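Structure data (compact mmCIF, C-alpha atoms) from model23.txt:
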# COMPACT_ATOMS: atom_id res chain seq x y z
CA MET A 1 -28.82 -44.95 27.96
CA ARG A 2 -31.01 -48.02 27.35
CA LYS A 3 -28.68 -49.82 25.00
CA ILE A 4 -25.69 -49.16 22.76
CA THR A 5 -24.91 -51.71 20.08
CA GLU A 6 -21.20 -51.56 19.39
CA LEU A 7 -20.06 -50.47 15.94
CA ALA A 8 -16.63 -51.01 14.42
CA ALA A 9 -15.34 -47.74 13.00
CA VAL A 10 -12.24 -46.12 11.62
CA PHE A 11 -11.04 -43.65 14.26
CA PRO A 12 -8.70 -40.71 13.79
CA PRO A 13 -5.15 -42.07 13.89
CA ASP A 14 -4.16 -40.24 17.08
CA LEU A 15 -7.15 -40.72 19.38
CA ALA A 16 -6.85 -42.25 22.85
CA VAL A 17 -8.85 -42.50 26.06
CA ALA A 18 -7.52 -40.71 29.16
CA CYS A 19 -8.55 -40.24 32.77
CA ALA A 20 -8.42 -37.05 34.79
CA ALA A 21 -7.98 -38.74 38.18
CA PRO A 22 -6.63 -42.09 39.43
CA GLU A 23 -10.03 -43.19 40.80
CA LEU A 24 -11.44 -42.99 37.26
CA ARG A 25 -8.91 -45.46 35.88
CA PRO A 26 -11.24 -48.52 35.93
CA GLN A 27 -14.00 -46.82 33.94
CA THR A 28 -11.39 -45.34 31.59
CA GLU A 29 -9.96 -48.76 30.83
CA ALA A 30 -13.42 -50.24 30.40
CA LEU A 31 -14.40 -47.51 27.93
CA ALA A 32 -11.15 -47.92 25.99
CA ALA A 33 -11.70 -51.67 25.73
CA ARG A 34 -15.29 -51.20 24.59
CA LEU A 35 -14.28 -48.76 21.86
CA GLY A 36 -11.08 -50.57 20.89
CA LEU A 37 -8.93 -47.53 21.67
CA PRO A 38 -5.62 -47.23 23.56
CA VAL A 39 -5.38 -45.70 27.02
CA ALA A 40 -3.12 -42.64 27.02
CA ALA A 41 -0.26 -42.59 29.48
CA GLU A 42 0.00 -39.65 31.87
CA ASN A 43 1.16 -36.51 30.00
CA GLU A 44 1.21 -38.43 26.70
CA ARG A 45 0.75 -36.14 23.69
CA ARG A 46 -2.19 -37.04 21.48
CA GLN A 47 -4.10 -35.18 18.78
CA LEU A 48 -7.45 -36.07 20.39
CA LEU A 49 -8.33 -37.37 23.85
CA LEU A 50 -11.61 -38.85 25.03
CA ARG A 51 -11.22 -38.03 28.70
CA CYS A 52 -13.09 -39.39 31.71
CA THR A 53 -13.56 -36.69 34.35
CA ALA A 54 -15.65 -36.25 37.48
CA GLU A 55 -17.88 -33.87 35.50
CA GLY A 56 -18.45 -36.36 32.67
CA LEU A 57 -16.93 -37.70 29.49
CA GLU A 58 -15.32 -35.08 27.25
CA LEU A 59 -13.47 -34.76 23.97
CA VAL A 60 -10.44 -32.45 23.83
CA LYS A 61 -7.78 -31.47 21.31
CA PRO A 62 -4.98 -30.50 23.71
CA ASP A 63 -2.42 -28.93 21.37
CA ASP A 64 -4.73 -26.71 19.32
CA PRO A 65 -5.02 -23.18 20.78
CA GLN A 66 -8.11 -22.52 18.63
CA LEU A 67 -9.97 -25.50 20.11
CA ARG A 68 -9.11 -25.26 23.78
CA GLY A 69 -11.66 -26.51 26.27
CA PRO A 70 -13.67 -29.72 26.35
CA LEU A 71 -16.61 -30.83 24.25
CA ARG A 72 -19.10 -32.41 26.65
CA VAL A 73 -22.80 -33.25 26.30
CA ASP A 74 -24.75 -31.39 28.99
CA PHE A 75 -28.55 -31.20 28.98
CA VAL A 76 -29.07 -29.48 32.32
CA ALA A 77 -26.99 -26.29 32.26
CA GLY A 78 -26.98 -22.85 30.71
CA ALA A 79 -28.72 -21.70 27.56
CA PHE A 80 -29.82 -25.16 26.49
CA ALA A 81 -31.79 -25.73 29.70
CA PHE A 82 -33.51 -22.39 29.06
CA ARG A 83 -34.44 -23.52 25.52
CA CYS A 84 -36.13 -26.60 26.96
CA GLN A 85 -38.38 -24.28 28.98
CA GLN A 86 -39.27 -22.12 25.94
CA GLN A 87 -40.66 -24.78 23.65
CA GLY A 88 -43.33 -22.59 22.11
CA LYS A 89 -40.64 -20.66 20.24
CA GLU A 90 -39.03 -23.74 18.68
CA LEU A 91 -39.45 -24.19 14.91
CA LEU A 92 -38.31 -27.76 15.49
CA LEU A 93 -41.61 -28.68 17.14
CA ARG A 94 -43.61 -27.26 14.24
CA ALA A 95 -41.42 -29.13 11.78
CA ALA A 96 -42.00 -32.32 13.80
CA GLY A 97 -45.78 -31.92 13.48
CA CYS A 98 -46.43 -31.41 17.19
CA LYS A 99 -49.99 -30.10 17.28
CA GLY A 100 -52.51 -30.11 20.07
CA GLY A 101 -51.92 -33.28 22.04
CA PHE A 102 -50.13 -35.11 19.26
CA ARG A 103 -46.50 -35.97 19.93
CA PRO A 104 -44.97 -38.24 17.29
CA ALA A 105 -42.67 -41.13 18.04
CA VAL A 106 -39.33 -39.98 16.66
CA LEU A 107 -36.35 -41.74 15.14
CA ASP A 108 -33.41 -39.34 15.12
CA ALA A 109 -31.22 -40.87 12.43
CA THR A 110 -28.24 -38.52 12.87
CA GLY A 111 -28.01 -38.11 16.63
CA GLY A 112 -24.82 -36.09 17.05
CA LEU A 113 -24.81 -34.31 20.42
CA GLY A 114 -28.52 -34.98 20.88
CA ARG A 115 -29.78 -31.47 21.62
CA ASP A 116 -32.70 -31.52 19.20
CA SER A 117 -33.72 -34.99 20.36
CA PHE A 118 -33.72 -33.71 23.94
CA LEU A 119 -35.95 -30.79 22.94
CA LEU A 120 -38.37 -33.19 21.26
CA ALA A 121 -38.38 -35.38 24.37
CA ALA A 122 -38.95 -32.29 26.55
CA ALA A 123 -42.07 -31.63 24.48
CA GLY A 124 -43.32 -35.16 25.21
CA CYS A 125 -42.03 -37.22 22.26
CA ALA A 126 -40.50 -40.66 22.66
CA VAL A 127 -37.20 -40.52 20.79
CA HIS A 128 -34.89 -43.26 19.56
CA ILE A 129 -31.49 -41.88 18.56
CA PHE A 130 -29.09 -43.50 16.13
CA GLU A 131 -25.48 -42.28 16.10
CA ARG A 132 -23.04 -44.08 13.84
CA ASN A 133 -19.78 -42.81 15.38
CA PRO A 134 -18.96 -44.72 18.60
CA VAL A 135 -17.06 -41.81 20.19
CA VAL A 136 -19.93 -39.37 19.61
CA ALA A 137 -22.35 -42.04 20.84
CA ALA A 138 -20.26 -42.46 24.01
CA LEU A 139 -20.36 -38.69 24.66
CA LEU A 140 -24.12 -38.66 24.10
CA ALA A 141 -24.70 -41.71 26.29
CA ASP A 142 -22.73 -40.07 29.10
CA GLY A 143 -24.79 -36.89 28.83
CA LEU A 144 -28.03 -38.87 28.95
CA GLU A 145 -26.88 -40.85 31.97
CA ARG A 146 -26.10 -37.66 33.87
CA ALA A 147 -29.43 -36.14 32.80
CA ARG A 148 -31.27 -39.17 34.24
CA LEU A 149 -29.70 -38.41 37.60
CA HIS A 150 -30.83 -34.75 37.56
CA PRO A 151 -34.27 -34.00 39.06
CA ALA A 152 -35.19 -31.46 36.38
CA ALA A 153 -34.13 -33.64 33.44
CA ALA A 154 -34.74 -37.24 34.53
CA ALA A 155 -38.27 -37.54 33.11
CA ILE A 156 -37.18 -36.07 29.77
CA ALA A 157 -34.11 -38.30 29.48
CA SER A 158 -36.23 -41.38 30.26
CA ARG A 159 -38.08 -40.83 26.97
CA ILE A 160 -34.83 -41.19 24.97
CA SER A 161 -33.14 -44.42 23.88
CA LEU A 162 -29.84 -44.65 22.03
CA SER A 163 -28.26 -47.05 19.54
CA CYS A 164 -24.80 -46.80 18.06
CA GLY A 165 -25.13 -48.07 14.51
CA CYS A 166 -26.22 -47.34 10.96
CA SER A 167 -29.61 -45.67 10.82
CA VAL A 168 -29.89 -46.31 7.07
CA ALA A 169 -29.87 -50.06 7.67
CA ALA A 170 -32.47 -49.71 10.45
CA LEU A 171 -34.71 -47.53 8.27
CA ARG A 172 -34.50 -49.92 5.34
CA ALA A 173 -35.35 -52.84 7.62
CA ALA A 174 -38.38 -50.95 8.95
CA ALA A 175 -39.59 -50.23 5.42
CA LEU A 176 -39.19 -53.89 4.39
CA GLN A 177 -41.23 -54.96 7.42
CA GLY A 178 -43.99 -52.49 6.56
CA GLU A 179 -43.39 -50.31 9.62
CA ARG A 180 -44.23 -46.61 9.36
CA ILE A 181 -42.31 -44.36 11.75
CA GLU A 182 -44.27 -41.24 12.68
CA LEU A 183 -41.26 -38.91 12.32
CA VAL A 184 -37.70 -39.35 11.14
CA TYR A 185 -35.48 -36.43 12.09
CA LEU A 186 -32.28 -35.68 10.17
CA ASP A 187 -29.55 -33.19 10.99
CA PRO A 188 -26.60 -34.44 8.95
CA MET A 189 -23.30 -32.69 9.42
CA PHE A 190 -22.79 -29.64 7.22
CA PRO A 191 -19.52 -27.69 6.83
CA GLU A 192 -19.91 -25.06 9.55
CA ARG A 193 -19.54 -21.44 8.48
CA SER A 194 -20.66 -19.80 11.71
CA LYS A 195 -18.13 -17.53 13.44
CA THR A 196 -19.49 -18.36 16.89
CA ALA A 197 -16.56 -19.80 18.81
CA LEU A 198 -18.52 -22.52 20.62
CA VAL A 199 -20.26 -23.74 17.48
CA LYS A 200 -17.02 -23.62 15.52
CA LYS A 201 -15.22 -25.69 18.15
CA GLU A 202 -17.94 -28.31 18.28
CA ALA A 203 -18.20 -28.57 14.50
CA GLN A 204 -14.46 -28.86 14.01
CA LEU A 205 -14.04 -31.51 16.70
CA LEU A 206 -16.94 -33.55 15.36
CA GLN A 207 -15.60 -33.34 11.81
CA LEU A 208 -12.31 -34.77 13.04
CA LEU A 209 -14.27 -37.83 14.14
CA SER A 210 -16.68 -38.09 11.22
CA PRO A 211 -16.67 -35.95 8.04
CA PRO A 212 -19.87 -34.57 6.49
CA PRO A 213 -21.73 -37.10 4.29
CA SER A 214 -21.18 -37.31 0.56
CA LEU A 215 -24.02 -36.60 -1.87
CA GLU A 216 -24.49 -40.36 -2.31
CA GLU A 217 -24.69 -40.83 1.48
CA GLU A 218 -27.18 -37.97 1.78
CA LYS A 219 -29.39 -39.56 -0.88
CA ALA A 220 -29.26 -42.99 0.76
CA LEU A 221 -30.18 -41.46 4.13
CA LEU A 222 -33.08 -39.35 2.86
CA ASP A 223 -34.46 -42.10 0.60
CA ALA A 224 -34.42 -44.60 3.48
CA ALA A 225 -36.07 -42.08 5.83
CA ARG A 226 -38.85 -41.25 3.36
CA ALA A 227 -39.53 -44.92 2.62
CA ALA A 228 -39.93 -45.77 6.32
CA SER A 229 -41.88 -42.81 7.71
CA HIS A 230 -44.95 -40.62 7.53
CA ARG A 231 -42.89 -37.45 7.91
CA VAL A 232 -39.24 -36.48 7.62
CA ALA A 233 -37.90 -33.23 9.10
CA VAL A 234 -34.44 -32.13 7.98
CA LYS A 235 -32.47 -29.36 9.71
CA ARG A 236 -30.28 -27.31 7.39
CA PRO A 237 -28.33 -24.03 7.54
CA ALA A 238 -30.67 -21.29 6.35
CA LYS A 239 -29.13 -20.80 2.91
CA SER A 240 -27.84 -24.31 2.22
CA PRO A 241 -29.11 -26.52 -0.63
CA HIS A 242 -31.75 -29.15 0.01
CA LEU A 243 -30.49 -32.48 1.33
CA ALA A 244 -29.52 -34.72 -1.62
CA GLY A 245 -30.99 -32.08 -3.94
CA GLN A 246 -34.56 -33.21 -3.10
CA ALA A 247 -37.12 -30.42 -2.67
CA PRO A 248 -39.33 -30.76 0.44
CA SER A 249 -43.10 -30.56 0.76
CA HIS A 250 -42.60 -27.30 2.64
CA ALA A 251 -40.01 -25.51 4.75
CA LEU A 252 -39.92 -23.48 7.97
CA HIS A 253 -37.39 -20.66 8.03
CA GLY A 254 -35.47 -19.22 10.96
CA LYS A 255 -32.67 -16.67 11.05
CA THR A 256 -29.81 -19.16 10.84
CA VAL A 257 -31.48 -22.53 10.16
CA ARG A 258 -34.45 -23.91 8.32
CA PHE A 259 -36.42 -27.14 8.57
CA ASP A 260 -37.31 -28.93 5.34
CA VAL A 261 -40.34 -31.19 5.78
CA TYR A 262 -41.06 -34.19 3.56
CA LEU A 263 -44.56 -35.63 3.90
CA ALA A 264 -45.90 -39.02 2.92
CA GLU A 265 -49.36 -39.23 1.34
CA GLN A 266 -51.00 -39.91 4.71
CA GLU A 267 -49.80 -38.63 8.07
CA PRO A 268 -51.01 -39.55 11.55
CA GLN A 269 -53.58 -36.97 12.60
CA PRO A 270 -53.22 -34.81 15.72
CA LEU A 271 -55.38 -35.76 18.67
CA PRO A 272 -58.27 -33.34 19.33
CA GLN A 273 -57.60 -30.79 22.06
CA GLU A 274 -59.58 -31.31 25.22
This structure in structure tokens:
Amino acid sequence: MRKITELAAVFPPDLAVACAAPELRPQTEALAARLGLPVAAENERRQLLLRCTAEGLELVKPDDPQLRGPLRVDFVAGAFAFRCQQQGKELLLRAAGCKGGFRPAVLDATGGLGRDSFLLAAAGCAVHIFERNPVVAALLADGLERARLHPAAAAIASRISLSCGCSVAALRAAALQGERIELVYLDPMFPERSKTALVKKEAQLLQLLSPPPSLEEEKALLDAARAASHRVAVKRPAKSPHLAGQAPSHALHGKTVRFDVYLAEQEPQPLPQE
């Protein structure tokens, strides 16, 4: 993490920070103070816990049998690491306009757990992530820090910076200053209908922290992104309506998701292949 600007937020009423081992108590207390959250006493019952462990920061809902197990950001293990090695199959890179040697500078305005930003960085893009929820931003920052310590992921993670704050305000400021971002990427939360247990758990936990945006919020986000950029790529469930009801310039379709692409009149051109 390069920098996180703190953001005041309304947290779920029963969220606390906990530590899994006594030696983690100092960093637990520091995190709680930074987020303005209480530190849970040992064996204290809470609806949600943001827990410091030796393996990394994790979010858990202890008393829900349907959501057992931690939510942790991990860029170096399992299926996701394999995806980073199979970039040619990713619709995301086509939606981003990655052609030849051209790799756009990206502003990810809805960071979430950061997986798509990490894929873009793995392809060579410099990515600045905005995440408005401080707890999600803390999980993402922890995952990026651990990735920077891993030999296979350090170079990729070094291309990512993170801010906790309102991307709409940042996009509007860029537009007022005449800046044109090469790509704004949007993956706003959508009510999850997948029956995959892992995806369901992640979606439900994230929605406890931050509900999906309203139509008015969707419109403000997309309008700000289009005003500040050459290209906007929006990730949506395959059969969902367009974001804010605005039809894209074109769309790329996968089995479960699609990418709606909104183009400005002039885009940066790909570099010629050598």
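Nearest to Leu113 in chain A of all the residues A:Lys255, A:Arg46, A:Arg132, A:Lys239 is A:Arg132, counting all atoms listed in the file.
Neighbours of Leu222 in chain A closer than or equal to 9 Å, with all atoms listed in the file counted and sequence neighbours fewer than 6 positions away skipped, come out as Val168, Leu186, Val232, Val234, Leu243, Ala244 and Gln246 of chain A.
Considering the residues A:Leu176, A:Ala30, A:Leu49, A:Leu140 and counting all atoms listed in the file, Pro62 in chain A has its shortest atom-to-atom contact with A:Leu49.
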Could you jot down the CA of Val135 in chain A to CA of Gln207 in chain A separation for me, Å, one decimal place? 12.0 Å
Spatial neighbours of Asp116 in chain A, 10 Å, all atoms listed in the file, chain gap at least 2 places, as a PyMOL selection string: chain A and resi 84+92-93+108+111-114+118-122+185-187+235
Limited to C-alpha atoms, could you put the picked residues into a file as a PDB file, in the coordinates of the input?
ATOM      1  CA  CYS A  84     -36.130 -26.600  26.960  1.00  0.00           C
ATOM      2  CA  LEU A  92     -38.310 -27.760  15.490  1.00  0.00           C
ATOM      3  CA  LEU A  93     -41.610 -28.680  17.140  1.00  0.00           C
ATOM      4  CA  ASP A 108     -33.410 -39.340  15.120  1.00  0.00           C
ATOM      5  CA  GLY A 111     -28.010 -38.110  16.630  1.00  0.00           C
ATOM      6  CA  GLY A 112     -24.820 -36.090  17.050  1.00  0.00           C
ATOM      7  CA  LEU A 113     -24.810 -34.310  20.420  1.00  0.00           C
ATOM      8  CA  GLY A 114     -28.520 -34.980  20.880  1.00  0.00           C
ATOM      9  CA  PHE A 118     -33.720 -33.710  23.940  1.00  0.00           C
ATOM     10  CA  LEU A 119     -35.950 -30.790  22.940  1.00  0.00           C
ATOM     11  CA  LEU A 120     -38.370 -33.190  21.260  1.00  0.00           C
ATOM     12  CA  ALA A 121     -38.380 -35.380  24.370  1.00  0.00           C
ATOM     13  CA  ALA A 122     -38.950 -32.290  26.550  1.00  0.00           C
ATOM     14  CA  TYR A 185     -35.480 -36.430  12.090  1.00  0.00           C
ATOM     15  CA  LEU A 186     -32.280 -35.680  10.170  1.00  0.00           C
ATOM     16  CA  ASP A 187     -29.550 -33.190  10.990  1.00  0.00           C
ATOM     17  CA  LYS A 235     -32.470 -29.360   9.710  1.00  0.00           C
TER      18      LYS A 235
END
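Here CA of Arg34 in chain A is placed at a distance of 22.4 Å from CA of Ala169 in chain A.
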Neighbours of Arg146 in chain A within 12 Å (all atoms listed in the file; same-chain residues fewer than 5 positions away dropped), as a PyMOL selection string? chain A and resi 1+54-57+72-77+139-141+151-154+156-158
Take the residues from that selection and write them out as a short mmCIF file (atom, residue, chain, number, x, y, z; two decimals), in the frame of the given file, keeping C-alpha atoms.
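The resulting file, result.cif, is reproduced below:
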data_model
loop_
_atom_site.label_atom_id
_atom_site.label_comp_id
_atom_site.auth_asym_id
_atom_site.auth_seq_id
_atom_site.Cartn_x
_atom_site.Cartn_y
_atom_site.Cartn_z
CA MET A 1 -28.82 -44.95 27.96
CA ALA A 54 -15.65 -36.25 37.48
CA GLU A 55 -17.88 -33.87 35.50
CA GLY A 56 -18.45 -36.36 32.67
CA LEU A 57 -16.93 -37.70 29.49
CA ARG A 72 -19.10 -32.41 26.65
CA VAL A 73 -22.80 -33.25 26.30
CA ASP A 74 -24.75 -31.39 28.99
CA PHE A 75 -28.55 -31.20 28.98
CA VAL A 76 -29.07 -29.48 32.32
CA ALA A 77 -26.99 -26.29 32.26
CA LEU A 139 -20.36 -38.69 24.66
CA LEU A 140 -24.12 -38.66 24.10
CA ALA A 141 -24.70 -41.71 26.29
CA PRO A 151 -34.27 -34.00 39.06
CA ALA A 152 -35.19 -31.46 36.38
CA ALA A 153 -34.13 -33.64 33.44
CA ALA A 154 -34.74 -37.24 34.53
CA ILE A 156 -37.18 -36.07 29.77
CA ALA A 157 -34.11 -38.30 29.48
CA SER A 158 -36.23 -41.38 30.26
#
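Note that CA of Met189 in chain A and CA of Ser210 in chain A are 8.7 Å apart.
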For Ala123 in chain A, the closest of A:Ala33, A:Arg148, A:Arg159, A:Ala138 counting only C-alpha atoms is A:Arg159
Of the candidates A:Leu209, A:Cys19, A:Ala233, A:Leu24, which shows the shortest atom-to-atom distance to Arg51 in chain A, using only C-alpha atoms? A:Cys19
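Nearest residue to Arg94 in chain A among A:Pro213, A:Gly254, A:Gly178, A:Gly143 is A:Gly254, counting only C-alpha atoms.
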Tell me which of A:Cys166, A:Leu149, A:Leu205, A:Ala225 sits closest to Arg68 in chain A, counting only C-alpha atoms. A:Leu205
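Residues having any atom no farther than 9 Å from (-47.1, -46.4, 11.2) (counting only C-alpha atoms) are Gly178, Glu179, Arg180, Ile181, Glu182, Ala228, Ser229, His230, Glu267 and Pro268 of chain A.
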Residue selection dump (C-alpha atoms) as a short mmCIF file (atom, residue, chain, number, x, y, z; two decimals), keeping the file's coordinate frame:
data_model
loop_
_atom_site.label_atom_id
_atom_site.label_comp_id
_atom_site.auth_asym_id
_atom_site.auth_seq_id
_atom_site.Cartn_x
_atom_site.Cartn_y
_atom_site.Cartn_z
CA GLY A 178 -43.99 -52.49 6.56
CA GLU A 179 -43.39 -50.31 9.62
CA ARG A 180 -44.23 -46.61 9.36
CA ILE A 181 -42.31 -44.36 11.75
CA GLU A 182 -44.27 -41.24 12.68
CA ALA A 228 -39.93 -45.77 6.32
CA SER A 229 -41.88 -42.81 7.71
CA HIS A 230 -44.95 -40.62 7.53
CA GLU A 267 -49.80 -38.63 8.07
CA PRO A 268 -51.01 -39.55 11.55
#
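Near Gln177 in chain A, within 12 Å and counting all atoms listed in the file, sit Ala170, Leu171, Arg172, Ala227 and Ala228 of chain A, not including residues fewer than 5 positions from it in the same chain.
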Mind writing the picked residues with C-alpha atoms as a CSV table (one decimal), in the coordinates of the input?
chain,number,residue,atom,x,y,z
A,170,ALA,CA,-32.5,-49.7,10.4
A,171,LEU,CA,-34.7,-47.5,8.3
A,172,ARG,CA,-34.5,-49.9,5.3
A,227,ALA,CA,-39.5,-44.9,2.6
A,228,ALA,CA,-39.9,-45.8,6.3
